[in-house]
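A.B. asks: Take a look at this one; I'll ask things after.
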Amino acid sequence: MAEDTNRSLYYEFVKGLWEENPIFRMLLGMCPTLAVTNSAVNGLAMGLATTFVLTCSSVMVSLVRKIVPSQVRLATFIVIIATFVTIADYFLKAFFPPISKQLGPYVPLIVVNCVILGRAEAFSSKNPISLSVADASGIGIGFTLALVSLGIVREILGNGSIFNISIFGEWFEPWIVMLLPAGAFITLGIMIGIINAFTIKKTGKGVCFGCSIGYKLQEKLVTAESMYLTPEELEAAKAKPEKKEKKKKEG
Amino acid sequence: MNKTVIRMLLVLTSVGVISGGALSGVYKAAFPRIERHRLEELKRAIFVVLPDAKNYKTLEKNELKVYQGIDETGNPVGIAFEAKGNGFQGKISMMVGIDNQFEKLTGMLVLDQIETPGLGAKIAKDKFQSQFKGLSISPEITYVKNKKPEKPNEIQAITAATISSKAVVKILNRQIKEITETFKLN
């Protein structure tokens, strides 16, 4: 993590939108992402509910961070998160019953959304309230944007509409698979791929650890490993599999 | 050591008490609204399946609950009840209306279903639901595939969603029988 001097409210907020986007970058909270993004409205409602819970629980966690003994911190965080989730659930049920019905069990399941516990543990339990709010709302809005964009793509292809407004005529045959779980995996995979390709092109940094896909920079193949490991470590990593192969041949 | 234990107890207890208190407050505030939405939805569903009803009253017998529809002059126009059962992917629940003679359905409305979108989920579309209006229930409801229904107790199953259509028919037949046996005598 960067030094205190480099950190500002603005940075903590903006990083959640793109650089550390919980869905496209950190791949956290996949369960609601895959389950409720079959329409843009559902994605938006889920994203906003999660943002509310994330921001409120971050404030509370940051507030109590100095009095909670580390042995019971997870239990405390979960109680705080569950409280706000229940409030969000009642709110949706009371004011937006159709959306609440559509989201079904996925609203109570925000309790176990790892984005929220992840931010509580990694950020707000170590930082003052102002930074925690900036971080949580940035991550929350990033989460919402990702869910809405997935929802829009799936709704257009699967139902021929955006935010329940039909955009194609009668001739459009909906791709039903896009509304089913398979459509969620396909859309998410393609979008992460596009975003990775875009990032590599723009910044020259790949994020795909473990795979050998890379790009050429000044006649040298650059992969994820080669950017994060020193040349010696890279050599060692390359050498190991070769040795094993040799042994197998001898045997 | 002892100090930490006491602190743990204190922190967890107070967090529990505070969030419990906050939740009971929120629940008290939200409950009337939630309940009102539920009742409105129930009323709407009853009036859809019993088009002649202007009001309703709840009847209960042998742990079965039905809603008797009443017109302007106070005469019963039929009864509505909730039918639930297993569909293709999960539970289907429907509001069903029967006339006074227990001979015909006056309507059917799917309240809840999680069938395949675009296929089985068509059971909640008007095209399928309207087939049940005026449908004869003696001896029981049956379905036909890929052709127009000919008998008064037949409906046409949805193409590529026979299992969902069949499930609806099966749930209706079972529950209609139960309701008829319990309530026809009075």
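Labeling convention for the structure tokens: chains A, B, ... as they appear, residues from 1 per chain, ligands from 1 in order of appearance.
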Got a sec: who's within 12 Å of A:Thr37, counting only C-alpha atoms, leaving out chain neighbours fewer than 3 positions off, as a PyMOL selection string?

C.D. replies: chain A and resi 30-34+40-47+102-103+106+143-156+158+163+178-185+187-188

A.B. asks: Give me the residues near stretch 30-37 of chain B as a PDB file with N, CA, C and O atoms, in the first residue's frame, where near means some atom within 7 Å (using only C-alpha atoms) and where sequence neighbours in that chain fewer than 3 positions away do not count.

C.D. replies:
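Here's the written file result-v6.pdb:
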ATOM      1  N   TYR A  90     -35.542  -4.421   4.289  1.00  0.00           N
ATOM      2  CA  TYR A  90     -36.832  -3.859   4.678  1.00  0.00           C
ATOM      3  C   TYR A  90     -37.190  -2.666   3.809  1.00  0.00           C
ATOM      4  O   TYR A  90     -38.332  -2.490   3.393  1.00  0.00           O
ATOM      5  N   LYS A  93     -38.361  -3.814   0.465  1.00  0.00           N
ATOM      6  CA  LYS A  93     -39.670  -4.459   0.585  1.00  0.00           C
ATOM      7  C   LYS A  93     -40.766  -3.433   0.779  1.00  0.00           C
ATOM      8  O   LYS A  93     -41.873  -3.579   0.282  1.00  0.00           O
ATOM      9  N   ALA A  94     -40.457  -2.364   1.541  1.00  0.00           N
ATOM     10  CA  ALA A  94     -41.487  -1.389   1.872  1.00  0.00           C
ATOM     11  C   ALA A  94     -41.729  -0.409   0.735  1.00  0.00           C
ATOM     12  O   ALA A  94     -42.850   0.015   0.511  1.00  0.00           O
TER      13      ALA A  94
ATOM     14  N   VAL B  26     -36.376  -0.155  12.852  1.00  0.00           N
ATOM     15  CA  VAL B  26     -36.609  -0.133  11.408  1.00  0.00           C
ATOM     16  C   VAL B  26     -37.767  -1.060  11.051  1.00  0.00           C
ATOM     17  O   VAL B  26     -38.626  -0.734  10.227  1.00  0.00           O
ATOM     18  N   TYR B  27     -37.813  -2.215  11.711  1.00  0.00           N
ATOM     19  CA  TYR B  27     -38.874  -3.178  11.402  1.00  0.00           C
ATOM     20  C   TYR B  27     -40.247  -2.594  11.719  1.00  0.00           C
ATOM     21  O   TYR B  27     -41.172  -2.694  10.921  1.00  0.00           O
ATOM     22  N   GLU B  40     -52.527  -5.570  -0.651  1.00  0.00           N
ATOM     23  CA  GLU B  40     -52.930  -4.995  -1.938  1.00  0.00           C
ATOM     24  C   GLU B  40     -52.745  -5.999  -3.057  1.00  0.00           C
ATOM     25  O   GLU B  40     -53.598  -6.173  -3.920  1.00  0.00           O
ATOM     26  N   GLU B  41     -51.582  -6.683  -3.003  1.00  0.00           N
ATOM     27  CA  GLU B  41     -51.278  -7.661  -4.038  1.00  0.00           C
ATOM     28  C   GLU B  41     -52.291  -8.803  -4.016  1.00  0.00           C
ATOM     29  O   GLU B  41     -52.786  -9.241  -5.045  1.00  0.00           O
TER      30      GLU B  41
END

A.B. asks: Given only C-alpha atoms, how would the per-residue table for chain A near chain B read, listing every residue at most 12 Å away with its closest atom pair and distance in Å to one decimal, sorted by chain and number, as JSON lines?

C.D. replies:
{"residue": "A:Asn38", "atom": "CA", "partner": "B:Pro117", "partner_atom": "CA", "distance": 9.9}
{"residue": "A:Ser39", "atom": "CA", "partner": "B:Pro117", "partner_atom": "CA", "distance": 11.9}
{"residue": "A:Ser57", "atom": "CA", "partner": "B:Ser19", "partner_atom": "CA", "distance": 11.6}
{"residue": "A:Met60", "atom": "CA", "partner": "B:Val15", "partner_atom": "CA", "distance": 10.4}
{"residue": "A:Val61", "atom": "CA", "partner": "B:Val15", "partner_atom": "CA", "distance": 10.9}
{"residue": "A:Val64", "atom": "CA", "partner": "B:Val11", "partner_atom": "CA", "distance": 9.3}
{"residue": "A:Arg65", "atom": "CA", "partner": "B:Val11", "partner_atom": "CA", "distance": 11.1}
{"residue": "A:Lys66", "atom": "CA", "partner": "B:Val11", "partner_atom": "CA", "distance": 11.1}
{"residue": "A:Ile67", "atom": "CA", "partner": "B:Val11", "partner_atom": "CA", "distance": 7.6}
{"residue": "A:Val68", "atom": "CA", "partner": "B:Val11", "partner_atom": "CA", "distance": 6.4}
{"residue": "A:Pro69", "atom": "CA", "partner": "B:Met8", "partner_atom": "CA", "distance": 6.2}
{"residue": "A:Ser70", "atom": "CA", "partner": "B:Met8", "partner_atom": "CA", "distance": 9.0}
{"residue": "A:Gln71", "atom": "CA", "partner": "B:Met8", "partner_atom": "CA", "distance": 7.8}
{"residue": "A:Val72", "atom": "CA", "partner": "B:Met8", "partner_atom": "CA", "distance": 6.6}
{"residue": "A:Arg73", "atom": "CA", "partner": "B:Leu12", "partner_atom": "CA", "distance": 9.1}
{"residue": "A:Leu74", "atom": "CA", "partner": "B:Leu12", "partner_atom": "CA", "distance": 10.7}
{"residue": "A:Ala75", "atom": "CA", "partner": "B:Leu12", "partner_atom": "CA", "distance": 7.9}
{"residue": "A:Thr76", "atom": "CA", "partner": "B:Leu12", "partner_atom": "CA", "distance": 6.4}
{"residue": "A:Phe77", "atom": "CA", "partner": "B:Val15", "partner_atom": "CA", "distance": 9.5}
{"residue": "A:Ile78", "atom": "CA", "partner": "B:Val15", "partner_atom": "CA", "distance": 10.5}
{"residue": "A:Val79", "atom": "CA", "partner": "B:Gly16", "partner_atom": "CA", "distance": 7.1}
{"residue": "A:Ile80", "atom": "CA", "partner": "B:Ser19", "partner_atom": "CA", "distance": 7.1}
{"residue": "A:Ile81", "atom": "CA", "partner": "B:Ser19", "partner_atom": "CA", "distance": 9.8}
{"residue": "A:Ala82", "atom": "CA", "partner": "B:Ser19", "partner_atom": "CA", "distance": 8.9}
{"residue": "A:Thr83", "atom": "CA", "partner": "B:Ser19", "partner_atom": "CA", "distance": 5.9}
{"residue": "A:Phe84", "atom": "CA", "partner": "B:Leu23", "partner_atom": "CA", "distance": 8.6}
{"residue": "A:Val85", "atom": "CA", "partner": "B:Leu23", "partner_atom": "CA", "distance": 10.2}
{"residue": "A:Thr86", "atom": "CA", "partner": "B:Leu23", "partner_atom": "CA", "distance": 7.5}
{"residue": "A:Ile87", "atom": "CA", "partner": "B:Val26", "partner_atom": "CA", "distance": 6.7}
{"residue": "A:Ala88", "atom": "CA", "partner": "B:Val26", "partner_atom": "CA", "distance": 9.9}
{"residue": "A:Asp89", "atom": "CA", "partner": "B:Ala30", "partner_atom": "CA", "distance": 10.1}
{"residue": "A:Tyr90", "atom": "CA", "partner": "B:Ala30", "partner_atom": "CA", "distance": 6.3}
{"residue": "A:Phe91", "atom": "CA", "partner": "B:Ala30", "partner_atom": "CA", "distance": 7.0}
{"residue": "A:Leu92", "atom": "CA", "partner": "B:Ile34", "partner_atom": "CA", "distance": 9.4}
{"residue": "A:Lys93", "atom": "CA", "partner": "B:Ile34", "partner_atom": "CA", "distance": 6.1}
{"residue": "A:Ala94", "atom": "CA", "partner": "B:Ile34", "partner_atom": "CA", "distance": 4.8}
{"residue": "A:Phe95", "atom": "CA", "partner": "B:Arg33", "partner_atom": "CA", "distance": 7.8}
{"residue": "A:Phe96", "atom": "CA", "partner": "B:His37", "partner_atom": "CA", "distance": 9.7}
{"residue": "A:Pro97", "atom": "CA", "partner": "B:His37", "partner_atom": "CA", "distance": 7.4}
{"residue": "A:Pro98", "atom": "CA", "partner": "B:His37", "partner_atom": "CA", "distance": 10.0}
{"residue": "A:Ser100", "atom": "CA", "partner": "B:Ile34", "partner_atom": "CA", "distance": 11.0}
{"residue": "A:Lys101", "atom": "CA", "partner": "B:Asp112", "partner_atom": "CA", "distance": 9.1}
{"residue": "A:Gln102", "atom": "CA", "partner": "B:Ile114", "partner_atom": "CA", "distance": 10.0}
{"residue": "A:Leu103", "atom": "CA", "partner": "B:Ile114", "partner_atom": "CA", "distance": 11.7}
{"residue": "A:Gly104", "atom": "CA", "partner": "B:Ile114", "partner_atom": "CA", "distance": 10.6}
{"residue": "A:Glu155", "atom": "CA", "partner": "B:Pro117", "partner_atom": "CA", "distance": 11.8}
{"residue": "A:Gly158", "atom": "CA", "partner": "B:Gly118", "partner_atom": "CA", "distance": 8.9}
{"residue": "A:Asn159", "atom": "CA", "partner": "B:Gly118", "partner_atom": "CA", "distance": 8.7}
{"residue": "A:Glu173", "atom": "CA", "partner": "B:Gly118", "partner_atom": "CA", "distance": 10.6}
{"residue": "A:Pro174", "atom": "CA", "partner": "B:Gly118", "partner_atom": "CA", "distance": 8.3}
{"residue": "A:Trp175", "atom": "CA", "partner": "B:Gly118", "partner_atom": "CA", "distance": 9.0}
{"residue": "A:Ile176", "atom": "CA", "partner": "B:Gly118", "partner_atom": "CA", "distance": 6.0}
{"residue": "A:Val177", "atom": "CA", "partner": "B:Pro117", "partner_atom": "CA", "distance": 8.8}
{"residue": "A:Met178", "atom": "CA", "partner": "B:Pro117", "partner_atom": "CA", "distance": 9.8}
{"residue": "A:Leu179", "atom": "CA", "partner": "B:Pro117", "partner_atom": "CA", "distance": 6.8}
{"residue": "A:Leu180", "atom": "CA", "partner": "B:Pro117", "partner_atom": "CA", "distance": 7.2}
{"residue": "A:Pro181", "atom": "CA", "partner": "B:Thr116", "partner_atom": "CA", "distance": 10.5}
{"residue": "A:Gly183", "atom": "CA", "partner": "B:Pro117", "partner_atom": "CA", "distance": 11.9}

A.B. asks: When you draw a straight line from atom CA of B:Ile141 to atom CA of B:Ala121, how long is it in Å?

C.D. replies: 20.2 Å

A.B. asks: So which residues touch A:Ile139 within 10 Å, counting only C-alpha atoms, skipping near sequence neighbours fewer than 2 positions away, as a short mmCIF file (atom, residue, chain, number, x, y, z; two decimals) with N, CA, C and O atoms, in the first residue's frame?

C.D. replies:
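Written out: selection26.cif:
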data_model
loop_
_atom_site.label_atom_id
_atom_site.label_comp_id
_atom_site.auth_asym_id
_atom_site.auth_seq_id
_atom_site.Cartn_x
_atom_site.Cartn_y
_atom_site.Cartn_z
N GLU A 12 -8.64 7.57 -3.22
CA GLU A 12 -9.32 6.43 -2.65
C GLU A 12 -10.69 6.21 -3.30
O GLU A 12 -11.15 5.09 -3.43
N PHE A 13 -11.32 7.32 -3.69
CA PHE A 13 -12.63 7.20 -4.33
C PHE A 13 -12.49 6.66 -5.74
O PHE A 13 -13.14 5.69 -6.13
N VAL A 14 -11.57 7.26 -6.50
CA VAL A 14 -11.49 6.94 -7.93
C VAL A 14 -10.96 5.53 -8.18
O VAL A 14 -11.37 4.88 -9.14
N LYS A 15 -10.12 5.04 -7.30
CA LYS A 15 -9.51 3.74 -7.59
C LYS A 15 -10.55 2.62 -7.69
O LYS A 15 -10.37 1.67 -8.45
N GLY A 16 -11.68 2.77 -6.96
CA GLY A 16 -12.70 1.73 -7.00
C GLY A 16 -13.45 1.68 -8.31
O GLY A 16 -14.04 0.66 -8.66
N LEU A 17 -13.45 2.80 -9.03
CA LEU A 17 -14.23 2.85 -10.27
C LEU A 17 -13.59 2.00 -11.36
O LEU A 17 -14.29 1.32 -12.11
N TRP A 18 -12.26 2.06 -11.46
CA TRP A 18 -11.65 1.37 -12.58
C TRP A 18 -10.47 0.51 -12.15
O TRP A 18 -10.48 -0.70 -12.29
N GLU A 20 -9.28 -0.54 -9.32
CA GLU A 20 -9.54 -1.66 -8.41
C GLU A 20 -11.02 -2.00 -8.44
O GLU A 20 -11.61 -2.32 -7.42
N ASN A 21 -11.61 -1.93 -9.61
CA ASN A 21 -13.03 -2.28 -9.73
C ASN A 21 -13.27 -3.67 -9.16
O ASN A 21 -12.60 -4.63 -9.56
N PRO A 22 -14.20 -3.79 -8.21
CA PRO A 22 -14.36 -5.08 -7.53
C PRO A 22 -14.71 -6.23 -8.46
O PRO A 22 -14.35 -7.37 -8.18
N ILE A 23 -15.41 -5.94 -9.56
CA ILE A 23 -15.83 -7.04 -10.42
C ILE A 23 -14.83 -7.29 -11.55
O ILE A 23 -14.35 -8.41 -11.72
N THR A 50 -25.97 -2.67 -2.42
CA THR A 50 -24.63 -3.03 -1.95
C THR A 50 -23.83 -1.79 -1.56
O THR A 50 -23.13 -1.78 -0.55
N THR A 51 -23.95 -0.72 -2.37
CA THR A 51 -23.22 0.52 -2.07
C THR A 51 -23.65 1.08 -0.72
O THR A 51 -22.82 1.50 0.08
N LEU A 54 -22.26 -1.14 1.98
CA LEU A 54 -20.80 -0.99 2.02
C LEU A 54 -20.40 0.31 2.70
O LEU A 54 -19.54 0.34 3.59
N THR A 55 -21.04 1.41 2.30
CA THR A 55 -20.66 2.71 2.85
C THR A 55 -21.01 2.79 4.33
O THR A 55 -20.17 3.19 5.15
N VAL A 115 -17.01 -8.51 -1.16
CA VAL A 115 -16.53 -7.13 -1.37
C VAL A 115 -16.64 -6.36 -0.07
O VAL A 115 -15.73 -5.63 0.33
N ILE A 116 -17.76 -6.56 0.63
CA ILE A 116 -18.03 -5.75 1.81
C ILE A 116 -17.12 -6.14 2.98
O ILE A 116 -16.45 -5.29 3.57
N ARG A 119 -13.56 -5.04 2.16
CA ARG A 119 -13.23 -3.63 2.38
C ARG A 119 -13.13 -3.34 3.87
O ARG A 119 -12.30 -2.56 4.31
N VAL A 133 -15.02 6.27 3.90
CA VAL A 133 -16.21 6.61 3.11
C VAL A 133 -15.84 6.75 1.65
O VAL A 133 -16.52 6.23 0.76
N ALA A 134 -14.73 7.45 1.38
CA ALA A 134 -14.30 7.62 -0.01
C ALA A 134 -14.04 6.27 -0.65
O ALA A 134 -14.52 5.98 -1.76
N ASP A 135 -13.32 5.41 0.06
CA ASP A 135 -13.00 4.09 -0.48
C ASP A 135 -14.27 3.28 -0.73
O ASP A 135 -14.48 2.73 -1.81
N ALA A 136 -15.16 3.24 0.30
CA ALA A 136 -16.35 2.39 0.18
C ALA A 136 -17.28 2.89 -0.91
O ALA A 136 -17.80 2.10 -1.70
N SER A 137 -17.48 4.23 -1.00
CA SER A 137 -18.41 4.69 -2.02
C SER A 137 -17.80 4.49 -3.41
O SER A 137 -18.52 4.16 -4.36
N ILE A 141 -19.71 2.28 -6.07
CA ILE A 141 -20.16 2.80 -7.37
C ILE A 141 -19.52 1.99 -8.49
O ILE A 141 -20.16 1.70 -9.51
N GLY A 142 -18.26 1.61 -8.31
CA GLY A 142 -17.62 0.74 -9.31
C GLY A 142 -18.38 -0.55 -9.47
O GLY A 142 -18.62 -1.03 -10.59
N PHE A 143 -18.81 -1.13 -8.34
CA PHE A 143 -19.60 -2.36 -8.35
C PHE A 143 -20.92 -2.14 -9.09
O PHE A 143 -21.32 -2.93 -9.94
N THR A 144 -21.58 -1.01 -8.75
CA THR A 144 -22.86 -0.71 -9.40
C THR A 144 -22.69 -0.55 -10.91
O THR A 144 -23.46 -1.11 -11.69
N LEU A 145 -21.67 0.22 -11.32
CA LEU A 145 -21.44 0.43 -12.76
C LEU A 145 -21.22 -0.90 -13.46
O LEU A 145 -21.77 -1.16 -14.54
#

A.B. asks: Which residues in stretch 5-161 of chain B does DSSP call strand (DSSP E or B)? List them as a PyMOL selection string.

C.D. replies: chain B and resi 55-61+64-70+76-86+91-98+104-112+136+142-144+154-156

A.B. asks: Give me, please, the distance in Å between atom CA of B:Phe128 and atom CA of A:Glu170, quoted to one decimal.

C.D. replies: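 Interatomic distance, atom CA of B:Phe128 to atom CA of A:Glu170: 19.7 Å.
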
A.B. asks: Taking into account only C-alpha atoms, which residue in the set B:Gln113, B:Thr162, B:Asn153, B:Ser130 is nearest to B:Val48?

C.D. replies: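 The closest residue to B:Val48 is B:Ser130.
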